[in-house]
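What's in work.cif: mmCIF, C-alpha atoms and all ligand atoms
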data_coords
loop_
_atom_site.label_atom_id
_atom_site.label_comp_id
_atom_site.auth_asym_id
_atom_site.auth_seq_id
_atom_site.Cartn_x
_atom_site.Cartn_y
_atom_site.Cartn_z
CA GLN A 425 -85.27 -7.46 6.86
CA PRO A 426 -88.57 -7.88 8.71
CA PRO A 427 -88.51 -10.44 11.51
CA ASN A 428 -89.34 -14.03 10.56
CA SER A 429 -88.41 -13.42 6.93
CA GLN A 430 -87.31 -16.18 4.59
CA THR A 431 -83.77 -14.86 4.58
CA GLU A 432 -83.57 -14.99 8.34
CA GLU A 433 -84.98 -18.54 8.40
CA SER A 434 -82.47 -19.77 5.82
CA CYS A 435 -79.74 -18.07 7.83
CA VAL A 436 -80.83 -20.05 10.92
CA LEU A 437 -80.91 -23.23 8.87
CA LYS A 438 -77.39 -22.59 7.59
CA ARG A 439 -76.18 -22.11 11.14
CA ALA A 440 -77.96 -25.27 12.28
CA ASP A 441 -76.25 -27.06 9.39
CA CYS A 442 -72.91 -25.63 10.49
CA ARG A 443 -73.53 -26.94 14.01
CA ALA A 444 -74.42 -30.39 12.66
CA LYS A 445 -71.06 -30.40 10.89
CA GLY A 446 -69.24 -29.85 14.14
CA GLY A 447 -69.46 -26.06 14.40
CA ALA A 448 -70.21 -24.25 17.63
CA PRO A 449 -73.40 -25.40 19.38
CA GLY A 450 -76.13 -22.83 19.70
CA PHE A 451 -79.10 -22.65 22.00
CA LYS A 452 -82.46 -20.96 21.61
CA VAL A 453 -83.12 -18.45 24.35
CA ALA A 454 -86.24 -16.36 25.08
CA ILE A 455 -86.31 -13.28 27.29
CA LEU A 456 -89.76 -12.43 28.65
CA GLY A 457 -89.91 -8.78 29.71
CA ALA A 458 -87.19 -7.96 27.18
CA ALA A 459 -88.08 -4.26 26.78
CA GLY A 460 -87.63 -3.44 30.48
CA GLY A 461 -84.81 -1.97 32.51
CA ILE A 462 -83.22 -5.39 33.00
CA GLY A 463 -84.57 -6.90 29.79
CA GLN A 464 -82.81 -4.52 27.37
CA PRO A 465 -79.22 -4.82 28.63
CA LEU A 466 -79.86 -8.53 29.20
CA ALA A 467 -80.95 -8.89 25.57
CA MET A 468 -77.85 -7.02 24.44
CA LEU A 469 -75.51 -9.20 26.48
CA MET A 470 -77.23 -12.43 25.38
CA LYS A 471 -76.86 -11.32 21.74
CA MET A 472 -73.12 -11.21 22.46
CA ASN A 473 -73.09 -14.75 23.88
CA PRO A 474 -71.60 -17.20 21.36
CA LEU A 475 -73.64 -20.06 22.87
CA VAL A 476 -76.89 -18.44 21.69
CA SER A 477 -78.04 -19.11 18.10
CA VAL A 478 -81.60 -17.73 18.37
CA LEU A 479 -82.76 -14.98 20.72
CA HIS A 480 -86.50 -14.32 21.15
CA LEU A 481 -87.46 -11.01 22.77
CA TYR A 482 -90.97 -10.89 24.23
CA ASP A 483 -92.71 -8.06 26.07
CA VAL A 484 -96.11 -6.41 26.20
CA VAL A 485 -94.56 -3.13 24.98
CA ASN A 486 -91.73 -1.85 22.75
CA THR A 487 -90.25 -5.11 21.47
CA PRO A 488 -90.16 -4.03 17.79
CA GLY A 489 -87.76 -1.20 18.65
CA VAL A 490 -85.58 -3.23 20.98
CA THR A 491 -85.45 -6.08 18.45
CA ALA A 492 -84.46 -3.81 15.55
CA ASP A 493 -81.79 -2.21 17.70
CA ILE A 494 -80.27 -5.42 19.11
CA GLY A 495 -80.69 -7.15 15.74
CA HIS A 496 -78.12 -4.82 14.16
CA MET A 497 -75.33 -6.11 16.38
CA ASP A 498 -72.88 -8.14 14.25
CA THR A 499 -72.86 -11.20 16.48
CA GLY A 500 -74.15 -14.66 15.60
CA ALA A 501 -77.55 -14.96 17.28
CA VAL A 502 -80.65 -14.39 15.16
CA VAL A 503 -83.00 -12.01 17.00
CA ARG A 504 -86.80 -12.07 16.73
CA GLY A 505 -89.28 -9.83 18.52
CA PHE A 506 -92.71 -10.75 19.88
CA LEU A 507 -95.23 -8.23 21.14
CA GLY A 508 -98.13 -8.91 23.45
CA GLN A 509 -99.96 -11.96 24.74
CA PRO A 510 -101.13 -13.26 21.31
CA GLN A 511 -97.46 -13.72 20.35
CA LEU A 512 -96.34 -15.41 23.58
CA GLU A 513 -96.67 -18.94 22.22
CA ASN A 514 -94.57 -18.18 19.14
CA ALA A 515 -91.98 -16.55 21.36
CA LEU A 516 -91.69 -19.68 23.48
CA THR A 517 -91.96 -22.55 21.02
CA GLY A 518 -88.73 -24.53 20.75
CA MET A 519 -86.78 -22.61 23.40
CA ASP A 520 -83.98 -24.27 25.40
CA LEU A 521 -83.75 -21.52 28.03
CA VAL A 522 -86.34 -18.95 29.11
CA ILE A 523 -85.21 -15.96 31.18
CA ILE A 524 -87.98 -14.00 32.93
CA PRO A 525 -87.33 -10.42 34.06
CA ALA A 526 -90.99 -9.42 33.39
CA GLY A 527 -92.85 -7.51 36.03
CA VAL A 528 -92.76 -4.27 37.96
CA PRO A 529 -89.63 -3.23 39.85
CA ARG A 530 -89.32 -1.80 43.34
CA LYS A 531 -89.81 1.91 43.95
CA PRO A 532 -88.43 3.74 47.03
CA GLY A 533 -90.33 2.65 50.12
CA MET A 534 -91.59 -0.55 48.50
CA THR A 535 -90.46 -3.95 49.71
CA ARG A 536 -90.11 -6.84 47.32
CA ASP A 537 -93.30 -8.21 48.80
CA ASP A 538 -95.21 -5.09 47.75
CA LEU A 539 -94.61 -6.20 44.20
CA PHE A 540 -96.02 -9.56 44.94
CA ASN A 541 -99.60 -9.32 43.70
CA ILE A 542 -98.77 -7.80 40.32
CA ASN A 543 -95.77 -9.96 39.57
CA ALA A 544 -97.46 -13.15 40.75
CA GLY A 545 -100.09 -12.79 38.02
CA ILE A 546 -97.49 -12.00 35.35
CA VAL A 547 -95.28 -14.97 36.27
CA ARG A 548 -98.28 -17.27 36.33
CA THR A 549 -99.36 -16.34 32.78
CA LEU A 550 -95.83 -16.65 31.41
CA CYS A 551 -95.26 -20.02 33.07
CA GLU A 552 -98.54 -21.34 31.64
CA GLY A 553 -97.11 -20.45 28.23
CA ILE A 554 -93.85 -22.25 29.01
CA ALA A 555 -95.71 -25.37 30.18
CA LYS A 556 -97.59 -25.41 26.88
CA CYS A 557 -94.89 -24.43 24.37
CA CYS A 558 -91.47 -25.42 25.76
CA PRO A 559 -92.06 -27.69 28.78
CA ASN A 560 -88.47 -28.95 28.68
CA ALA A 561 -86.83 -25.52 28.75
CA ILE A 562 -84.67 -24.40 31.65
CA VAL A 563 -86.39 -21.43 33.35
CA ASN A 564 -84.38 -18.60 34.96
CA LEU A 565 -86.84 -16.61 37.06
CA ILE A 566 -85.77 -13.06 37.94
CA SER A 567 -89.14 -11.38 38.68
CA ASN A 568 -89.43 -10.45 42.33
CA PRO A 569 -90.17 -11.50 44.97
CA VAL A 570 -88.16 -14.53 43.84
CA ASN A 571 -88.81 -16.22 47.21
CA SER A 572 -92.52 -16.35 46.25
CA THR A 573 -92.52 -16.33 42.43
CA VAL A 574 -90.48 -19.57 42.23
CA PRO A 575 -93.07 -21.48 44.36
CA ILE A 576 -95.82 -19.96 42.17
CA ALA A 577 -94.07 -21.12 38.99
CA ALA A 578 -93.62 -24.60 40.48
CA GLU A 579 -97.37 -24.83 41.18
CA VAL A 580 -98.22 -23.70 37.64
CA PHE A 581 -95.95 -26.38 36.19
CA LYS A 582 -97.32 -29.03 38.57
CA LYS A 583 -100.87 -28.18 37.52
CA ALA A 584 -99.84 -28.50 33.86
CA GLY A 585 -98.08 -31.83 34.59
CA THR A 586 -94.72 -30.52 33.35
CA TYR A 587 -92.93 -29.76 36.62
CA ASP A 588 -89.29 -30.78 36.79
CA PRO A 589 -87.68 -29.19 39.86
CA LYS A 590 -84.25 -29.34 38.21
CA ARG A 591 -85.34 -26.97 35.45
CA LEU A 592 -86.84 -24.17 37.56
CA LEU A 593 -84.17 -21.83 38.91
CA GLY A 594 -84.72 -18.61 40.84
CA VAL A 595 -81.93 -16.18 39.96
CA THR A 596 -80.00 -15.08 43.07
CA MET A 597 -76.81 -14.40 41.15
CA LEU A 598 -76.94 -10.66 41.82
CA ASP A 599 -76.47 -11.37 45.53
CA VAL A 600 -73.37 -13.42 44.70
CA VAL A 601 -72.06 -10.75 42.32
CA ARG A 602 -72.53 -8.09 44.99
CA ALA A 603 -70.98 -10.31 47.66
CA ASN A 604 -67.91 -10.97 45.46
CA THR A 605 -67.54 -7.23 44.79
CA PHE A 606 -67.92 -6.07 48.40
CA VAL A 607 -65.73 -8.84 49.85
CA ALA A 608 -63.03 -8.20 47.22
CA GLU A 609 -63.05 -4.52 48.25
CA VAL A 610 -62.43 -5.46 51.89
CA LEU A 611 -59.75 -8.02 51.04
CA GLY A 612 -58.04 -5.79 48.46
CA LEU A 613 -58.38 -8.49 45.78
CA HIS A 614 -59.70 -8.52 42.22
CA PRO A 615 -63.40 -9.59 42.37
CA LYS A 616 -62.70 -12.42 39.89
CA GLU A 617 -60.43 -14.03 42.48
CA VAL A 618 -63.21 -14.08 45.10
CA ASP A 619 -65.99 -16.64 45.49
CA VAL A 620 -68.65 -16.03 48.14
CA PRO A 621 -71.44 -18.60 48.53
CA VAL A 622 -74.76 -16.85 49.20
CA VAL A 623 -77.56 -19.11 50.42
CA GLY A 624 -81.17 -18.85 51.63
CA GLY A 625 -83.33 -16.65 49.44
CA HIS A 626 -83.41 -13.33 47.63
CA ALA A 627 -84.80 -10.66 50.01
CA GLY A 628 -83.41 -8.94 53.10
CA VAL A 629 -82.40 -11.34 55.86
CA THR A 630 -83.13 -14.37 53.67
CA ILE A 631 -79.95 -13.46 51.76
CA LEU A 632 -77.22 -15.22 53.76
CA PRO A 633 -73.63 -14.79 52.59
CA LEU A 634 -71.38 -17.51 54.02
CA LEU A 635 -68.28 -15.48 54.72
CA SER A 636 -66.68 -18.39 56.58
CA GLN A 637 -66.58 -20.24 53.23
CA VAL A 638 -65.13 -17.44 51.11
CA LYS A 639 -62.49 -18.45 48.62
CA PRO A 640 -59.62 -17.72 48.94
CA PRO A 641 -59.91 -18.64 52.65
CA SER A 642 -60.16 -15.36 54.57
CA SER A 643 -60.98 -14.21 58.05
CA PHE A 644 -63.09 -11.19 58.93
CA THR A 645 -63.48 -9.27 62.17
CA PRO A 646 -66.97 -9.44 63.75
CA GLU A 647 -67.48 -5.85 62.59
CA GLU A 648 -66.46 -6.65 59.00
CA THR A 649 -68.74 -9.69 59.03
CA GLU A 650 -71.69 -7.63 60.25
CA ASN A 651 -71.07 -4.77 57.79
CA LEU A 652 -70.50 -7.04 54.80
CA THR A 653 -73.54 -9.18 55.58
CA LYS A 654 -75.79 -6.13 55.93
CA ARG A 655 -74.44 -4.47 52.78
CA ILE A 656 -74.99 -7.65 50.73
CA GLN A 657 -78.51 -8.06 52.16
CA ASP A 658 -79.37 -4.41 51.49
CA GLY A 659 -77.64 -4.13 48.11
CA GLY A 660 -80.97 -3.81 46.29
CA THR A 661 -82.12 -1.00 48.57
CA GLU A 662 -78.79 0.80 48.08
CA VAL A 663 -79.52 0.95 44.34
CA VAL A 664 -83.23 1.78 44.71
CA GLN A 665 -82.36 4.73 46.95
CA ALA A 666 -79.53 5.97 44.73
CA LYS A 667 -81.81 5.84 41.66
CA ALA A 668 -84.37 7.85 43.66
CA GLY A 669 -87.53 6.84 41.84
CA ALA A 670 -85.94 5.74 38.55
CA GLY A 671 -86.21 1.99 39.26
CA SER A 672 -84.09 -0.70 40.87
CA ALA A 673 -80.93 -2.59 39.90
CA THR A 674 -81.01 -3.18 36.15
CA LEU A 675 -77.46 -3.09 34.76
CA SER A 676 -75.78 -5.16 37.47
CA MET A 677 -78.82 -7.46 37.35
CA ALA A 678 -78.52 -7.90 33.58
CA TYR A 679 -74.83 -8.73 34.08
CA ALA A 680 -75.69 -11.23 36.83
CA ALA A 681 -78.53 -12.76 34.77
CA VAL A 682 -76.20 -13.29 31.81
CA LYS A 683 -73.52 -14.79 34.04
CA PHE A 684 -76.12 -17.24 35.35
CA ALA A 685 -77.72 -17.93 31.95
CA ASP A 686 -74.29 -18.59 30.47
CA ALA A 687 -73.63 -21.12 33.25
CA CYS A 688 -76.98 -22.80 32.46
CA LEU A 689 -76.07 -22.98 28.75
CA ARG A 690 -72.63 -24.42 29.52
CA GLY A 691 -74.41 -27.00 31.67
CA LEU A 692 -76.82 -27.77 28.83
CA ARG A 693 -73.83 -28.19 26.49
CA GLY A 694 -72.49 -30.83 28.86
CA ASP A 695 -69.58 -28.91 30.41
CA ALA A 696 -68.35 -30.48 33.65
CA GLY A 697 -68.12 -28.68 36.99
CA VAL A 698 -70.49 -25.75 36.32
CA VAL A 699 -71.50 -24.64 39.82
CA GLU A 700 -73.47 -21.52 40.78
CA CYS A 701 -75.89 -20.46 43.53
CA ALA A 702 -79.62 -20.55 42.73
CA PHE A 703 -82.98 -20.68 44.51
CA VAL A 704 -84.31 -24.16 43.74
CA ALA A 705 -86.46 -27.00 45.06
CA SER A 706 -84.30 -28.36 47.83
CA GLU A 707 -83.93 -30.86 50.64
CA VAL A 708 -81.01 -29.02 52.22
CA THR A 709 -83.29 -27.59 54.93
CA GLU A 710 -86.86 -28.39 55.94
CA LEU A 711 -88.08 -25.73 53.47
CA PRO A 712 -89.27 -26.84 50.01
CA PHE A 713 -87.14 -24.17 48.27
CA PHE A 714 -83.75 -22.82 49.24
CA ALA A 715 -80.77 -21.18 47.54
CA THR A 716 -77.45 -23.00 47.66
CA LYS A 717 -74.75 -23.91 45.23
CA VAL A 718 -76.05 -26.22 42.52
CA ARG A 719 -74.29 -28.12 39.74
CA LEU A 720 -75.72 -27.22 36.35
CA GLY A 721 -75.91 -29.89 33.68
CA ARG A 722 -77.92 -31.07 30.70
CA ARG A 723 -81.06 -31.43 32.82
CA GLY A 724 -80.68 -28.18 34.78
CA ALA A 725 -79.75 -28.18 38.49
CA GLU A 726 -78.58 -31.78 38.55
CA GLU A 727 -77.09 -31.63 42.02
CA VAL A 728 -78.03 -29.41 44.97
CA TYR A 729 -75.12 -28.98 47.39
CA GLN A 730 -75.35 -28.97 51.18
CA LEU A 731 -74.62 -25.84 53.19
CA GLY A 732 -71.24 -26.97 54.51
CA PRO A 733 -69.94 -25.98 57.95
CA LEU A 734 -71.41 -22.71 59.33
CA ASN A 735 -70.04 -20.54 62.11
CA GLU A 736 -72.20 -19.27 64.97
CA TYR A 737 -73.03 -15.94 63.23
CA GLU A 738 -74.20 -17.86 60.15
CA ARG A 739 -76.21 -20.38 62.19
CA VAL A 740 -78.16 -17.51 63.79
CA GLY A 741 -78.58 -15.89 60.36
CA LEU A 742 -79.80 -19.18 58.91
CA GLU A 743 -82.58 -19.50 61.50
CA ARG A 744 -83.69 -15.92 60.81
CA ALA A 745 -83.55 -16.50 57.05
CA LYS A 746 -85.56 -19.72 57.25
CA LYS A 747 -88.31 -18.07 59.28
CA GLU A 748 -88.88 -15.31 56.73
CA LEU A 749 -88.36 -17.60 53.79
CA ALA A 750 -90.99 -20.04 55.07
CA GLU A 751 -93.55 -17.21 55.09
CA SER A 752 -92.64 -16.02 51.57
CA ILE A 753 -92.81 -19.54 50.15
CA GLN A 754 -96.16 -20.11 51.84
CA LYS A 755 -97.42 -16.81 50.45
CA GLY A 756 -96.52 -17.90 46.94
CA LEU A 757 -98.19 -21.27 47.34
CA LEU A 758 -101.37 -19.73 48.82
CA GLN A 759 -101.53 -17.07 46.10
CA GLN A 760 -101.36 -19.72 43.43
CA LYS A 761 -104.11 -21.77 45.11
CA ASP A 762 -106.30 -18.62 45.38
CA LEU A 763 -105.89 -17.92 41.70
CA GLN A 764 -106.94 -21.42 40.66
P1 LIG A 801 -89.13 -2.74 34.28
O1 LIG A 801 -90.48 -2.21 34.68
O2 LIG A 801 -88.13 -1.77 33.76
O3 LIG A 801 -89.31 -3.86 33.18
C1 LIG A 801 -90.25 -4.88 33.30
C2 LIG A 801 -90.71 -5.24 31.93
O4 LIG A 801 -91.66 -6.29 32.08
C3 LIG A 801 -91.41 -4.07 31.20
O5 LIG A 801 -90.84 -3.88 29.93
C4 LIG A 801 -92.84 -4.53 31.11
O6 LIG A 801 -93.51 -4.09 29.94
C5 LIG A 801 -92.66 -6.05 31.13
N1 LIG A 801 -93.88 -6.75 31.45
C6 LIG A 801 -94.86 -6.40 32.30
N2 LIG A 801 -95.86 -7.31 32.25
C7 LIG A 801 -95.47 -8.25 31.37
C8 LIG A 801 -96.06 -9.44 30.89
N3 LIG A 801 -97.27 -9.84 31.31
N4 LIG A 801 -95.40 -10.15 29.98
C9 LIG A 801 -94.18 -9.76 29.55
N5 LIG A 801 -93.57 -8.64 29.96
C10 LIG A 801 -94.22 -7.91 30.86
O7 LIG A 801 -88.57 -3.55 35.52
P2 LIG A 801 -87.07 -4.09 35.75
O8 LIG A 801 -86.30 -3.08 36.49
O9 LIG A 801 -86.55 -4.62 34.47
O10 LIG A 801 -87.35 -5.30 36.78
C11 LIG A 801 -88.03 -6.46 36.37
C12 LIG A 801 -88.23 -7.43 37.52
O11 LIG A 801 -86.98 -7.93 37.99
C13 LIG A 801 -88.90 -6.80 38.74
O12 LIG A 801 -89.82 -7.72 39.28
C14 LIG A 801 -87.75 -6.60 39.70
O13 LIG A 801 -88.16 -6.53 41.03
C15 LIG A 801 -86.94 -7.84 39.41
N6 LIG A 801 -85.55 -7.80 39.87
C16 LIG A 801 -84.99 -8.98 40.27
C17 LIG A 801 -83.70 -9.04 40.73
C18 LIG A 801 -83.11 -10.36 41.14
O14 LIG A 801 -81.98 -10.34 41.64
N7 LIG A 801 -83.75 -11.49 40.95
C19 LIG A 801 -82.87 -7.83 40.82
C20 LIG A 801 -83.51 -6.65 40.31
C21 LIG A 801 -84.81 -6.65 39.88
#
Could you write out this structure as C-alpha cells?
Amino acid sequence: QPPNSQTEESCVLKRADCRAKGGAPGFKVAILGAAGGIGQPLAMLMKMNPLVSVLHLYDVVNTPGVTADIGHMDTGAVVRGFLGQPQLENALTGMDLVIIPAGVPRKPGMTRDDLFNINAGIVRTLCEGIAKCCPNAIVNLISNPVNSTVPIAAEVFKKAGTYDPKRLLGVTMLDVVRANTFVAEVLGLHPKEVDVPVVGGHAGVTILPLLSQVKPPSSFTPEETENLTKRIQDGGTEVVQAKAGAGSATLSMAYAAVKFADACLRGLRGDAGVVECAFVASEVTELPFFATKVRLGRRGAEEVYQLGPLNEYERVGLERAKKELAESIQKGLLQQKDLQ
C-alpha cells in the first residue's frame, strides 16, 4: 500500500477506536533525521514499541526506502514517510513526541562543537516546524552539540511564543547507558542492576557521572573513579575512533534514544515515578540549562531534581563542567540571535 492510503487511514481509525474502548493507548511519534545512522535503528526500535500507534519518518533523503522497510515489520504502529522540507509540516502535525537525530555526526578529529554551525541551522528549521505544527509535543533533541542545540531550540520556541521548558529535553541518555555499562563491568554486576546518575551536559568534561550516588551503593578507589569518569566522558570519542571515519555512535545511541523516548511516553501516559537524566531548563545551578534526573509526566519534565550530596572529586568536576557548559550555552544563544 502507498503511504497515506485510505486503507492505512481506516486502520489508524480502527486502532483509535480500539483505544477509545479501553485498548492500549498509542502515541504519535515523529523522527526527524530518520534515514541517518541513528535514525534508522531508532525508527526500527520505535516501530517495536507498543506505546506508539503512528510513526512518522522525516528526512531530507531516503525516507521512502526506510519507510517501506520498517513498514513491513508486523508490529502495531502505522509508519508514514516524509521526504524533504515541503513535507515537514505534514510530518509534524498532530505529533505527541518528536525525536530529532537530524544533523551531521562527528568525524575523527572533530569536536562536537565543530558540528555546531551546520547542526544549529538544521535544528532551528526543524524547531520552527514544531512550533507551527505540534507546539504541545514533547521534543527529544539528540543533534549535537546538545549543550548548544537545546538553548537554540528554546530560543526558537520563545520567538514563536510556544516555549514550555518542561517539553524540551536534550537527550543525554547515552552517557547514562555507557556509565551503567562501564560501572557494571567494574562491579561485576549485570548492567540492569546498576543506576549511575550523570549530570551536567553532553560533551567532554561537562559529562559528570556521580559515582558517589551509584545504586547499589558502591565504593571506588580514586584510580577507579578517575578511569571510569574519563571513560564515560570520552565514550563518544572511543566509538568515533573505532569506527575510523565511518561515523559516530549510532546503534548504542538509538538504543539510548528509545529508552529515553519510552520513558517520555510512559510519562505522557501518566505512569508514576518515571525518572531519567536529561539536559533541561534548570534552576539546579546558576546555569539556565543543566542535566540532572527529572521526573517525566504528562507535561514532560514535571520535576527537576537537585544534585544531591557530592564528594570532593565531583565538586571539582562540577566547577569544571559548569565553566565549559556556560560557554556552550552562551554560544547557542548567540548563534540564535545572529540568525534572527
Ligand atoms: P547521520 O549523518 O548518519 O544522519 C543524520 C541524518 O540527518 C541524515 O540522514 C541526514 O540526511 C539528516 N538530515 C540532515 N539535515 C536534515 C534536515 N534539515 N532535516 C532532516 N534531516 C536532516 O548522523 P548520525 O550518526 O545519525 O548522527 C546524527 C546526530 O546525532 C549528529 O548531530 C550526532 O552528533 C548526534 N549524536 C548525538 C548523540 C547524543 O548522545 N545526543 C550521540 C551520537 C550522535
Show me, as AutoDock Vina command-line options, the centre and edge lengths in Å to one decimal of the axis-aligned box that covers every listed atom of ligand LIG 801 (chain A) with 6 Å on each side.
--center_x -89.6 --center_y -6.6 --center_z 35.6 --size_x 27.3 --size_y 21.7 --size_z 24.1
Using all atoms listed in the file, find each residue of chain A with at least one atom at most 6 Å away from an atom of ligand LIG 801 (chain A); report its shortest atom-to-atom pair and that distance in Å (one decimal), sort the rows by chain and rising residue number, and return the result as CSV.
residue,atom,partner,partner_atom,distance
A:Leu456,CA,A:LIG801,C9,5.2
A:Gly457,CA,A:LIG801,N5,3.7
A:Ala459,CA,A:LIG801,O5,4.2
A:Gly460,CA,A:LIG801,O3,3.2
A:Gly461,CA,A:LIG801,O2,3.6
A:Ile462,CA,A:LIG801,O9,3.7
A:Gly463,CA,A:LIG801,O9,5.6
A:Asp483,CA,A:LIG801,N5,4.0
A:Val484,CA,A:LIG801,N5,5.1
A:Val485,CA,A:LIG801,O6,5.2
A:Pro525,CA,A:LIG801,C11,4.6
A:Ala526,CA,A:LIG801,O4,3.5
A:Gly527,CA,A:LIG801,O4,4.3
A:Val528,CA,A:LIG801,O1,4.5
A:Pro529,CA,A:LIG801,O13,3.8
A:Arg530,CA,A:LIG801,O13,5.4
A:Ile546,CA,A:LIG801,N3,4.6
A:Ile566,CA,A:LIG801,N7,4.0
A:Ser567,CA,A:LIG801,O12,3.8
A:Asn568,CA,A:LIG801,O12,4.1
A:Val595,CA,A:LIG801,N7,5.1
A:Thr596,CA,A:LIG801,O14,5.3
A:Leu598,CA,A:LIG801,O14,5.1
A:Gly671,CA,A:LIG801,O8,5.8
A:Ser672,CA,A:LIG801,O8,5.5
A:Ala673,CA,A:LIG801,C20,4.8
A:Thr674,CA,A:LIG801,O8,5.3
A:Met677,CA,A:LIG801,C19,5.3
Extract, using all atoms listed in the file, all DNA, RNA and protein residues at most 10 Å from Lys471 (chain A), discarding same-chain residues fewer than 5 positions from it, and format them as a PDB file with C-alpha atoms, in the coordinates of the input.
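Final output, part11.pdb:
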ATOM      1  CA  VAL A 453     -83.120 -18.450  24.350  1.00  0.00           C
ATOM      2  CA  PRO A 465     -79.220  -4.820  28.630  1.00  0.00           C
ATOM      3  CA  LEU A 466     -79.860  -8.530  29.200  1.00  0.00           C
ATOM      4  CA  VAL A 476     -76.890 -18.440  21.690  1.00  0.00           C
ATOM      5  CA  SER A 477     -78.040 -19.110  18.100  1.00  0.00           C
ATOM      6  CA  VAL A 478     -81.600 -17.730  18.370  1.00  0.00           C
ATOM      7  CA  LEU A 479     -82.760 -14.980  20.720  1.00  0.00           C
ATOM      8  CA  ILE A 494     -80.270  -5.420  19.110  1.00  0.00           C
ATOM      9  CA  GLY A 495     -80.690  -7.150  15.740  1.00  0.00           C
ATOM     10  CA  MET A 497     -75.330  -6.110  16.380  1.00  0.00           C
ATOM     11  CA  ASP A 498     -72.880  -8.140  14.250  1.00  0.00           C
ATOM     12  CA  THR A 499     -72.860 -11.200  16.480  1.00  0.00           C
ATOM     13  CA  GLY A 500     -74.150 -14.660  15.600  1.00  0.00           C
ATOM     14  CA  ALA A 501     -77.550 -14.960  17.280  1.00  0.00           C
ATOM     15  CA  VAL A 502     -80.650 -14.390  15.160  1.00  0.00           C
ATOM     16  CA  VAL A 503     -83.000 -12.010  17.000  1.00  0.00           C
TER      17      VAL A 503
END
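If you look at CA of Phe606 (chain A) and CA of Gly724 (chain A), they are 28.9 Å away from each other.
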Please indicate the distance in Å from CA of Gly660 (chain A) to CA of Val601 (chain A), rounded to one decimal place.
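Going from CA of Gly660 (chain A) over to CA of Val601 (chain A), I get 12.0 Å.
Atom to atom, CA of Ala745 (chain A) and CA of Val622 (chain A) stand 11.8 Å apart.
The shortest atom-to-atom distance to Ile542 (chain A), with only C-alpha atoms taken into account, belongs to A:Pro569 out of A:Asp658, A:Pro569, A:Thr517, A:Leu731.
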Shell around Leu512 (chain A) at 10 Å using all atoms listed in the file, local window under 3 positions removed, as a PDB file with C-alpha atoms, in the coordinates of the input:
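So out_25.pdb came out as:
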ATOM      1  CA  LEU A 456     -89.760 -12.430  28.650  1.00  0.00           C
ATOM      2  CA  LEU A 481     -87.460 -11.010  22.770  1.00  0.00           C
ATOM      3  CA  TYR A 482     -90.970 -10.890  24.230  1.00  0.00           C
ATOM      4  CA  ASP A 483     -92.710  -8.060  26.070  1.00  0.00           C
ATOM      5  CA  VAL A 484     -96.110  -6.410  26.200  1.00  0.00           C
ATOM      6  CA  PHE A 506     -92.710 -10.750  19.880  1.00  0.00           C
ATOM      7  CA  LEU A 507     -95.230  -8.230  21.140  1.00  0.00           C
ATOM      8  CA  GLY A 508     -98.130  -8.910  23.450  1.00  0.00           C
ATOM      9  CA  GLN A 509     -99.960 -11.960  24.740  1.00  0.00           C
ATOM     10  CA  ALA A 515     -91.980 -16.550  21.360  1.00  0.00           C
ATOM     11  CA  LEU A 516     -91.690 -19.680  23.480  1.00  0.00           C
ATOM     12  CA  THR A 517     -91.960 -22.550  21.020  1.00  0.00           C
ATOM     13  CA  THR A 549     -99.360 -16.340  32.780  1.00  0.00           C
ATOM     14  CA  LEU A 550     -95.830 -16.650  31.410  1.00  0.00           C
ATOM     15  CA  GLY A 553     -97.110 -20.450  28.230  1.00  0.00           C
ATOM     16  CA  ILE A 554     -93.850 -22.250  29.010  1.00  0.00           C
ATOM     17  CA  CYS A 557     -94.890 -24.430  24.370  1.00  0.00           C
TER      18      CYS A 557
END
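When all atoms listed in the file are used to measure the gap to Pro559 (chain A), the shortest distance among A:Gly694, A:Gly732, A:Gly585, A:Pro621 belongs to A:Gly585.
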Taking only C-alpha atoms into account, which of A:Gly669, A:Gly697, A:Gly628, A:Gly659 comes nearest Ala725 (chain A)?
A:Gly697
Selected residue of minimal separation from Val580 (chain A) among A:Val718, A:Val490, A:Val638, A:Leu757, counting only C-alpha atoms:
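Checking each of A:Val718, A:Val490, A:Val638, A:Leu757 against Val580 (chain A), counting only C-alpha atoms, the winner is A:Leu757.
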Considering only C-alpha atoms, tabulate each residue of region 663-740 of chain A that lies at most 12 Å from region 645-650 of chain A along with its nearest interatomic pair and the corresponding distance in Å to one decimal; arrange the rows by chain and ascending residue number and present them as a Markdown table.
| residue | atom | partner | partner_atom | distance |
| --- | --- | --- | --- | --- |
| A:Asn735 | CA | A:Thr649 | CA | 11.4 |
| A:Glu736 | CA | A:Pro646 | CA | 11.2 |
| A:Tyr737 | CA | A:Thr649 | CA | 8.7 |
| A:Glu738 | CA | A:Thr649 | CA | 9.9 |
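Shortest atom-to-atom contact with Lys590 (chain A) among A:Val664, A:Ile576, A:Ala678, A:Ala705: A:Ala705, counting all atoms listed in the file.
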Give me the residues near Tyr729 (chain A) as a PDB file with C-alpha atoms, in the frame of the given file, where near means some atom within 9 Å (using all atoms listed in the file) and where sequence neighbours in that chain fewer than 6 positions away do not count.
ATOM      1  CA  VAL A 708     -81.010 -29.020  52.220  1.00  0.00           C
ATOM      2  CA  THR A 716     -77.450 -23.000  47.660  1.00  0.00           C
ATOM      3  CA  LYS A 717     -74.750 -23.910  45.230  1.00  0.00           C
ATOM      4  CA  VAL A 718     -76.050 -26.220  42.520  1.00  0.00           C
ATOM      5  CA  ARG A 719     -74.290 -28.120  39.740  1.00  0.00           C
TER       6      ARG A 719
END
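Of the listed residues (A:Pro474, A:Gly533, A:Gly624, A:Gly505), A:Gly624 comes nearest to Lys746 (chain A); the distances count only C-alpha atoms.
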Residues at most 10 Å from Glu552 (chain A), counting only C-alpha atoms, excluding those fewer than 6 positions away in the same chain, as a list of chain:residue names?
A:Glu513, A:Pro559, A:Ala577, A:Val580, A:Phe581, A:Lys583, A:Ala584
